[in-house]
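Q: Structure in structure tokens, see below.
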Amino acid sequence: MLVPIKWLNSFVDTRDIPFNELVDRVSECGNEVDSVAEYPCQGVVTALVESKVKHPDADTLAVCVVFDGAQRHNVVCGAPNVDAGQIVAFAPIGAKLPEMVLRKVKIRGIESQGMICSKGELGLPVTDESEDGIWVLGTHTHDTHTHDTHTLGTSSNNNGDAETVPLGLDVAEMFAIGGAVLDIGLTPNRGDCLSIRGMAREVHAIFDTPMKHAYEDVIASMPEASQSIAGGVPTYTVEGGAADRYLLAKVAGVSVGESPTLIQARLHGCGIRPINNIVDTTNYVMLELGQPMHAFDADHIEGDIAIRLSGEGERVVTLDGAERSVPAGVPVITDAKGIIAIAGVMGGLRGSVSSSTTNILLESAVFPPSLVRRSAKVLGLSTDSSHRFERGIDISTTDVALRYAIALLNTDGAEYAYCNNAGSEFVLPPKPVIQFDEEFIPSLLGADDITHEQITANLEKLGYGVARENGRYAVTVPYHRMETARYSADIAEEVVRLYGINNLPNKLPKLFAKATTLPQGFQDRRNISSALIHQGFFEIITYPFIKSETVTLFAEKRGTELEPMTLRNPISEDMKVMRTTMVANLVTTFVANFNQGVRWGKLFEFGSVYRHENNTTTQNNNSSGEGMKVDEEPRLGLLAYGDEHFATYPFTNKDTKTEVQFFVLKGVVTRVLAALGADAEFNTTDTPDFLHPGRACNVILKGKFPGGKEGVVIGIIGELHPNVAKKCDAPDGVVVAEIYTHLATSLIKKRVPKFKTFLRTPDIRKDITVVVDETTPFGDLVQTISKVKLGNGLKVVDVYLIDEYRNEKVLQGKRSITIRVMLNARESTPTDTHLSEGMDRVVQALADSNNAVLR
Amino acid sequence: MKKNTNNTENTNTNTNANTNIKNNISKQLELAKDLKQLEQVRLNFLGKKGTITLLNKEIKNIPTHERKNYGEKVNKLRQHFENIYNAKKNNLEETHLNKALNEQTLDTTLPGATFGMGLGAHHILTRVYYELLDILISMGFEVVDDREVEGVFYNFTALNMDENHPARDEHDTFFFDDNTVLRTHTSSVQIRHMLKNKPPIAIVSSGKVYRSDYDATHTPMFHQIEGLVVDKGTSMAEMKGVLWELISTFFGRKTKLRFRSSYFPFTEPSAEVDMACFSCNGSGCRLCGGSGWIEVLGCGMVDNEVFKHVDYDHTEYSGFAFGMGVERMAMLKYSIDDLRLFYDNNYKFLNQWRG
């Protein structure tokens with residue numbers, strides 16, 4: 001909210017407070033000053049144009065002699081409307097304006113000692129195009145200087161100002177032009193600060209500066225209301241709790257025109273455009289007192305007024321010309337013909353004030369905050385009025401505001417009369433009283449030396465009533481805080497914000513002796529991340545919402561009864577559906593870097609994938625606030641690509657990069673699985689469609705699982721399918737992997753190993769070379785060997801691949817594999833005989849199960 | 001060696017022979033150029049048919065009363081040989097070793113064999129995240145974690161933000177349906193914890209949060225860390241103390257904090273916390289927008305309404321909560337100037353955070 005200091009000063013004089021201190025303390029006490037704007041306007045004074053002659057060397061220029069009450073100045077002026085006898089706003093040399101600092105200049109050879117200003121040059125709003133010329137403050141006859149000091153701002157002739165004006169007065173001060181404007185970021189609980197009066201109250205409480213209520217003087221000097229008025233006054237009725245308070249008055253005989261300059265300048269300082277005196281007055285009262293108002297054209301209103309809640313299907317054409325469907329159950333103002341305003345939000349077109357209006361109805365009211373909020377939200381409208389109604393209005397000054405508005409408009413003796421309330425009489429609700437133990441506030445704040453006198457004083461400065469007795473406080477809440485002061489903690493806040501949170505000591509809570517460990521997921525993440533980092537991987541973090549097409553492209557076969565989740569209100573179509581695999585974003589990120597010339601990629605990401613549970617995509621219409629059932633699964637994604645420096649991998653025949661890539665990533669995955677304590681094996685059944693069918697495998701967790709399952713898929717590894725790579729603009733040979741870390745952790749029961757005694761004799765290694773079909777997977781051979789019963793207390797400790805050899809000429813359709821079997825016995829060192837018997841069994845098993853021929 | 005019967009002659013001849021042998025030893029050992037040749041010399045003297053070995057065998061031909069003397073002389077000769085031999089052997093071995101060392105010299109300034117596996121890195125957000133968590137853990141906070149897709153009860157209602165609450169507007173939220181959102185803060189995790197655990201508690205919840213806001217200074221997803229302490233007599237002064245410890249430790253310097261009264265629906269009283277700008281020390285600069293202060297945290301005493309939703313007795317217990325954006329902390333500590341860098345994942349950004 002914008003707060004012009006000059007306007008604020010009419011309530012509390014801040015001129016003696018150092019500006020930085022004002023800004024800092026107002027901020028610290030809860031109303032953060034986001035920025036300060038300065039509108040320089042210094043040294044501009046009222047002056048009389050004594051004479052005007054045409055400039056000898058320029059057709060459109062004139063040379064004037066301007067008298068400021070003390071000195072005469074020669075001024076060259078180009079305005080078409082300047083004339084002798086005018087009282088003008090004169091900026092002498094050295095004066096500061098928003099756009100310039102005045103200096104002595106020569107205009108077409110003649111020295112000009114200042115400038116006669118237009119409204120625009122002073123930073124004032126220009127409401128009429130014909131206002132191109134200089135601003136004429138008044139006129140003066142040649143023979144006298146009169147010293148009438150007609151109060152400015154209460155007349156409504158065209159220039160808005162008094163006819164005779166003293167000379168040499170500071171124009172900026174007179175019309176509240178310029179100065180600093182604070183932009184304050186108000187929090188939603190401070191509806192009471194949405195006005196100059198409200199902010200003045202804050203400053204008064206913080207700095208103890210006395211507070212004036214100038215508007216009360218204006219009200220005091222207004223004439224009495226008429227008992228009857230031409231055209232009569234409608235009655236009004238409030239029904240169904242549509243308004244908490246409602247007042248209406250009729251003002252007859254107004255003429256719609258420009259507002260006085262002071263009002264225009266103040267509105268402008270608050271960022272509101274002046275429109276006409278009627279509209280401006282309602283805005284002015286709203287800004288100054290915090291009471292929004294509305295004006296109707298009385299002659300376009302038919303019959304009596306009802307303030308009620310809307311029904312189903314009602315419509316209205318609003319002020320802006322749009323036809324709107326009014327939501328049911330919100331407050332509306334109606335006359336005999338229908339809705340004339342959506343209460344608190346926007347007026348209707350019918351009954352609105354126009355340039356031909358002569359009689360108006362002025363409304364000052366308080367509507368229930370939650371209803372106005374709903375109204376504004378459904379209609380998608382947010383106005384200065386609705387904003388204030390939503391946050392709470394001071395219900396005790398609704399009538400004061402109405403009188404003030406009438407007084408501001410009441411010129412040329414226009415009549416006014418109050419409309420009658422045909423419903424139940426309004427009774428000011430009692431102020432809430434909040435009670436609590438006197439130790440509550442010092443204890444909650446931890447303030448060792450706060451006294452009850454300080455507590456009481458702080459509250460009283462803010463308008464609260466304080467009584468303390470028998471160890472209990474009873475605090476009466478003022479009307480302007482009724483919406484938001486609910487219970488004792490709110491009172492504590494009022495106390496501490498004036499006391500200064502910074503003045504509280506720094507203490508530490510008592511130590512908790514409870515020991516905790518990091519959740520398993522966190523521990524795993526840290527361990528795995530370390531391992532990956534040391535293998536050269538970089539962690540990325542990406543948004544989980546992506547394009548729908550991408551989700552489809554990377555769909556998994558498994559669990560397709562679980563649906564992807566779509567945001568109802570995404571930021572864009574590209575960020576609409578929640579990812580169902582970590583792979584997609586790894587590819588996208590890699591491609592983005594690839595396009596920047598980065599020719600390798602070793603990336604990982606920890607994150608979740610999301611799907612609807614139970615195949616339900618229908619909305620969860622419960623009112624308990626529980627969300628829909630979601631399968632949110634933390635996973636690890638990996639990506640590898642690169643054409644530099646990879647160690648040759650001995651187990652392939654063709655030394656192409658892409659083949660190596662797969663096994664390099666598989667090696668990484670192996671280490672990750674070890675870090676998880678997973679006993680895993682690999683198969684190629686049903687790998688996802690987005691992977692190359694011949695270069696992909698599943699990671700299977702070994703064990704027995706519920707439902708008789710032997711082995712659960714806990715991950716995948718594979719090269720991207722060429723079609724997918726193409727669609728993603730990725731080069732060939734990108735390898736990806738995904739480990740379902742959360743799933744794995746939930747299934748792996750024993751993480752803490754138990755010690756097993758070991759034989760202190762060295763393991764014995766036996767190498768054999770066998771020839772098998774090219775298509776026989778090495779894994780099968782390992783399986784066979786592991787299951788062999790070797791006899792004589794021997795067991796297989798490990799199986800390694802030593803070498804693989806292919807040669808089309810020598811071994812058509814076959815390959816030769818050298819395997820190292822590590823053996824040991826449980827109890828005593830095995831003899832050579834036992835060993836060769838055991839190995840014979842191995843060879844036999846390989847021959848039987850895998851058609852392997854010993855070489 | 002001739003057989004001698006005359007003792008004196010024997011002695012003289014023996015002495016001469018001795019000297020000859022010794023000369024021989026010296027000469028041959030000196031001539032040995034490598035270990036192989038040296039071994040040959042050794043065999044010449046101490047081998048099966050070696051000079052000294054034969055002398056030893058001769059002892060059976062020496063008169064008994066002279067055998068002791070003879071034996072001693074042969075022994076001395078043997079020792080003489082072995083001394084020079086050993087010295088020569090060491091010498092040769094050393095030379096051999098040095099030669100080998102020299103030939104094996106490498107250009108050690110060549111790059112290490114990382115095979116493209118230079119050190120990777122955590123994402124800087126993860127790193128800052130762990131830094132902050134570790135500080136809080138060291139102060140006794142327990143880490144808790146829960147889901148990102150949340151029901152509106154846990155994300156809003158329990159935090160005193162019902163449908164009509166004005167503050168709900170300020171959370172521009174992602175919805176899946178009327179009741180399901182992407183969480184807008186990690187406070188929902190704290191609600192779930194409180195529903196399952198009785199006070200006293202000291203917990204930190206953290207992770208990804210989502211808001212429908214995407215411009216130069218906002219991303220639709222970001223990271224938060226929030227803390228919560230509930231006990232009997234917990235006070236605002238204790239909140240200040242904890243936050244001072246946290247901020248000072250994180251930024252590695254004793255810092256000045258300024259608490260400004262503010263508003264959150266779930267705390268009362270509430271505050272926003274600024275830290276003295278470390279770039280200009282409070283005099284005003286670009287980093288702090290001229291004010292001398294940088295906003296780092298929001299905090300406050302837990303509102304009664306929140307306690308009601310989790311069935312905590314607010315007459316017995318009080319608590320404080322605080323929260324911060326991880327991106328913000330990372331940008332401040334590591335001088336990162338553009339929020340979007342975190343989610344572009346450009347290699348040139350990622351690889352700055354090794355070590």
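Chain labels follow the order of the structure tokens: the first chain is A, the next B, and so on; residue numbering restarts at 1 in every chain, and ligands are counted from 1 in their shown order.
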Could you make a table, as a Markdown table, of the residues of chain B that have an atom within 7 Å of an atom of chain A, each with its nearest atom pair and distance in Å to one decimal, counting only C-alpha atoms, in chain and number order?
A:
```
| residue | atom | partner | partner_atom | distance |
| --- | --- | --- | --- | --- |
| B:Phe115 | CA | A:His645 | CA | 4.5 |
| B:Gly116 | CA | A:His645 | CA | 5.0 |
| B:Met117 | CA | A:Gly536 | CA | 4.5 |
| B:Gly118 | CA | A:Gly536 | CA | 5.1 |
| B:Leu119 | CA | A:Gly536 | CA | 4.6 |
| B:Gly120 | CA | A:Gly536 | CA | 4.0 |
| B:Ala121 | CA | A:Phe538 | CA | 4.9 |
| B:His122 | CA | A:Glu539 | CA | 5.1 |
| B:His123 | CA | A:Glu539 | CA | 5.0 |
| B:Gly140 | CA | A:Phe512 | CA | 6.4 |
| B:Glu142 | CA | A:Thr516 | CA | 6.2 |
| B:Val143 | CA | A:Leu518 | CA | 6.2 |
| B:Glu150 | CA | A:Gly627 | CA | 5.7 |
| B:Gly151 | CA | A:Gly627 | CA | 3.5 |
| B:Val152 | CA | A:Gly625 | CA | 4.8 |
| B:Phe153 | CA | A:Gly625 | CA | 4.2 |
| B:Asn164 | CA | A:Ser370 | CA | 5.9 |
| B:Pro166 | CA | A:Pro188 | CA | 6.5 |
| B:Ala167 | CA | A:Pro188 | CA | 6.5 |
| B:Phe174 | CA | A:Asn569 | CA | 6.0 |
| B:Phe175 | CA | A:Arg568 | CA | 5.5 |
| B:Phe176 | CA | A:Leu567 | CA | 4.9 |
| B:Asp177 | CA | A:Gln619 | CA | 6.1 |
| B:Asn179 | CA | A:Gly627 | CA | 5.1 |
| B:Thr180 | CA | A:Gly627 | CA | 4.4 |
| B:Ser212 | CA | A:Ile571 | CA | 6.3 |
| B:Met221 | CA | A:Tyr543 | CA | 6.6 |
| B:Gly233 | CA | A:Ser443 | CA | 6.8 |
| B:Thr234 | CA | A:Leu444 | CA | 6.9 |
| B:Ser235 | CA | A:Leu444 | CA | 4.7 |
| B:Met236 | CA | A:Leu445 | CA | 4.7 |
| B:Ala237 | CA | A:Gly446 | CA | 4.9 |
| B:Glu238 | CA | A:Lys507 | CA | 4.4 |
| B:Lys240 | CA | A:Asn506 | CA | 5.3 |
| B:Gly241 | CA | A:Asn506 | CA | 4.2 |
| B:Val242 | CA | A:Leu508 | CA | 6.0 |
| B:Arg258 | CA | A:Asn502 | CA | 6.3 |
| B:Phe259 | CA | A:Asn502 | CA | 5.7 |
| B:Arg260 | CA | A:Glu28 | CA | 4.2 |
| B:Ser261 | CA | A:Gly30 | CA | 4.2 |
| B:Ser262 | CA | A:Gly30 | CA | 4.9 |
| B:Tyr263 | CA | A:Thr187 | CA | 6.0 |
| B:Glu268 | CA | A:Ala489 | CA | 5.8 |
| B:Pro269 | CA | A:Glu493 | CA | 4.5 |
| B:Tyr343 | CA | A:Thr542 | CA | 5.9 |
| B:Asn345 | CA | A:Ile540 | CA | 6.0 |
| B:Asn346 | CA | A:Asn593 | CA | 6.2 |
| B:Tyr347 | CA | A:Asn593 | CA | 6.5 |
| B:Leu350 | CA | A:Phe538 | CA | 6.8 |
```
Q: Let me see the file: selected residues, C-alpha atoms, as a PDB file, in the first residue's frame.
A:
```
ATOM      1  CA  PHE B 115      39.572 -42.731 -17.465  1.00  0.00           C
ATOM      2  CA  GLY B 116      37.089 -39.905 -17.658  1.00  0.00           C
ATOM      3  CA  MET B 117      36.120 -40.440 -14.045  1.00  0.00           C
ATOM      4  CA  GLY B 118      37.257 -37.147 -12.586  1.00  0.00           C
ATOM      5  CA  LEU B 119      35.440 -36.294  -9.405  1.00  0.00           C
ATOM      6  CA  GLY B 120      31.742 -35.578  -9.833  1.00  0.00           C
ATOM      7  CA  ALA B 121      29.728 -33.433  -7.461  1.00  0.00           C
ATOM      8  CA  HIS B 122      26.590 -33.092  -5.443  1.00  0.00           C
ATOM      9  CA  HIS B 123      24.140 -30.565  -6.760  1.00  0.00           C
ATOM     10  CA  GLY B 140      19.429 -32.017  18.723  1.00  0.00           C
ATOM     11  CA  GLU B 142      15.400 -35.092  14.594  1.00  0.00           C
ATOM     12  CA  VAL B 143      15.069 -35.382  10.820  1.00  0.00           C
ATOM     13  CA  GLU B 150      -0.532 -33.926   0.082  1.00  0.00           C
ATOM     14  CA  GLY B 151      -4.116 -33.640   1.180  1.00  0.00           C
ATOM     15  CA  VAL B 152      -5.399 -30.117   1.814  1.00  0.00           C
ATOM     16  CA  PHE B 153      -5.946 -30.943   5.463  1.00  0.00           C
ATOM     17  CA  ASN B 164     -11.639 -18.628   3.088  1.00  0.00           C
ATOM     18  CA  PRO B 166      -6.918 -14.647   2.857  1.00  0.00           C
ATOM     19  CA  ALA B 167      -3.481 -16.158   3.251  1.00  0.00           C
ATOM     20  CA  PHE B 174      -0.766 -26.767  -7.751  1.00  0.00           C
ATOM     21  CA  PHE B 175      -3.904 -28.886  -7.515  1.00  0.00           C
ATOM     22  CA  PHE B 176      -4.600 -32.412  -8.738  1.00  0.00           C
ATOM     23  CA  ASP B 177      -8.156 -32.212  -7.457  1.00  0.00           C
ATOM     24  CA  ASN B 179      -8.350 -32.155  -2.026  1.00  0.00           C
ATOM     25  CA  THR B 180      -4.946 -33.022  -3.394  1.00  0.00           C
ATOM     26  CA  SER B 212       2.648 -21.930  -9.106  1.00  0.00           C
ATOM     27  CA  MET B 221       9.628 -26.029  -7.354  1.00  0.00           C
ATOM     28  CA  GLY B 233       7.690 -23.252  28.458  1.00  0.00           C
ATOM     29  CA  THR B 234       9.220 -22.909  25.005  1.00  0.00           C
ATOM     30  CA  SER B 235       9.703 -19.195  24.391  1.00  0.00           C
ATOM     31  CA  MET B 236      10.417 -16.706  21.665  1.00  0.00           C
ATOM     32  CA  ALA B 237      13.778 -15.971  23.255  1.00  0.00           C
ATOM     33  CA  GLU B 238      14.709 -19.613  22.716  1.00  0.00           C
ATOM     34  CA  LYS B 240      15.967 -16.356  18.677  1.00  0.00           C
ATOM     35  CA  GLY B 241      18.831 -18.233  20.251  1.00  0.00           C
ATOM     36  CA  VAL B 242      18.456 -21.270  18.025  1.00  0.00           C
ATOM     37  CA  ARG B 258      17.128  -8.319  12.928  1.00  0.00           C
ATOM     38  CA  PHE B 259      13.672  -9.644  13.726  1.00  0.00           C
ATOM     39  CA  ARG B 260      10.732  -7.844  12.161  1.00  0.00           C
ATOM     40  CA  SER B 261       7.204  -8.528  13.327  1.00  0.00           C
ATOM     41  CA  SER B 262       5.282 -10.198  10.528  1.00  0.00           C
ATOM     42  CA  TYR B 263       2.449 -12.611   9.910  1.00  0.00           C
ATOM     43  CA  GLU B 268       1.469 -15.951  16.436  1.00  0.00           C
ATOM     44  CA  PRO B 269       3.541 -13.844  17.156  1.00  0.00           C
ATOM     45  CA  TYR B 343      17.325 -25.977 -12.403  1.00  0.00           C
ATOM     46  CA  ASN B 345      21.573 -28.074 -14.667  1.00  0.00           C
ATOM     47  CA  ASN B 346      24.111 -26.643 -17.076  1.00  0.00           C
ATOM     48  CA  TYR B 347      27.367 -28.551 -16.860  1.00  0.00           C
ATOM     49  CA  LEU B 350      27.232 -28.352 -11.965  1.00  0.00           C
TER      50      LEU B 350
END
```
Q: Considering only helix (DSSP H, G or I) as DSSP defines it on the backbone, what residues of stretch 14-210 of chain B qualify? List them as a VMD selection string.
A: chain B and resid 14 to 31 35 to 46 51 to 61 64 to 103 124 to 138 152 to 155 157 to 159 167 to 170 187 to 196
Q: State, in Å with one decimal place, the distance from atom CA of A:Ala249 to atom CA of A:Gly232.
A: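 So the two atoms, atom CA of A:Ala249 and atom CA of A:Gly232, lie 11.0 Å apart.
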Q: If we count only C-alpha atoms, what is near stretch 832-839 of chain A at a cut-off of 10 Å, once residues fewer than 4 positions away on the same chain are taken out, given as number ranges by chain?
A: A: 764-768, 785, 788-796, 821, 823-825, 843-845
Q: Need the shell around B:Ala330: protein/DNA/RNA residues with any atom at most 7 Å away, counting only C-alpha atoms. Skip same-chain ones fewer than 4 positions apart. Format as a list in words?
A: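 Within the cut-off, the hits are Leu125, Val128, Val326 and Tyr334 of chain B.
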Q: Please return, as a PyMOL selection string, all residues of stretch 76-271 of chain A that DSSP assigns to strand (DSSP E or B) on the basis of the backbone.
A: chain A and resi 76-77+86-92+96+101+105-107+110-112+114-116+136-139+170+179-185+235-238+245-252
Q: Might you pull out every residue within 9 Å of B:Thr219, with only C-alpha atoms counted and same-chain residues fewer than 6 positions away left off, and present them as a short mmCIF file (atom, residue, chain, number, x, y, z; two decimals) with C-alpha atoms, in the first residue's frame?
A:
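Output below, filename part_2.cif:
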```cif
data_model
loop_
_atom_site.label_atom_id
_atom_site.label_comp_id
_atom_site.auth_asym_id
_atom_site.auth_seq_id
_atom_site.Cartn_x
_atom_site.Cartn_y
_atom_site.Cartn_z
CA TYR B 210 5.87 -26.38 -5.06
CA ARG B 211 4.22 -23.06 -5.87
CA SER B 212 2.65 -21.93 -9.11
CA ASP B 213 5.07 -19.08 -9.73
CA LEU B 339 17.77 -18.64 -9.25
CA ARG B 340 17.19 -20.36 -12.55
CA TYR B 343 17.32 -25.98 -12.40
#
```
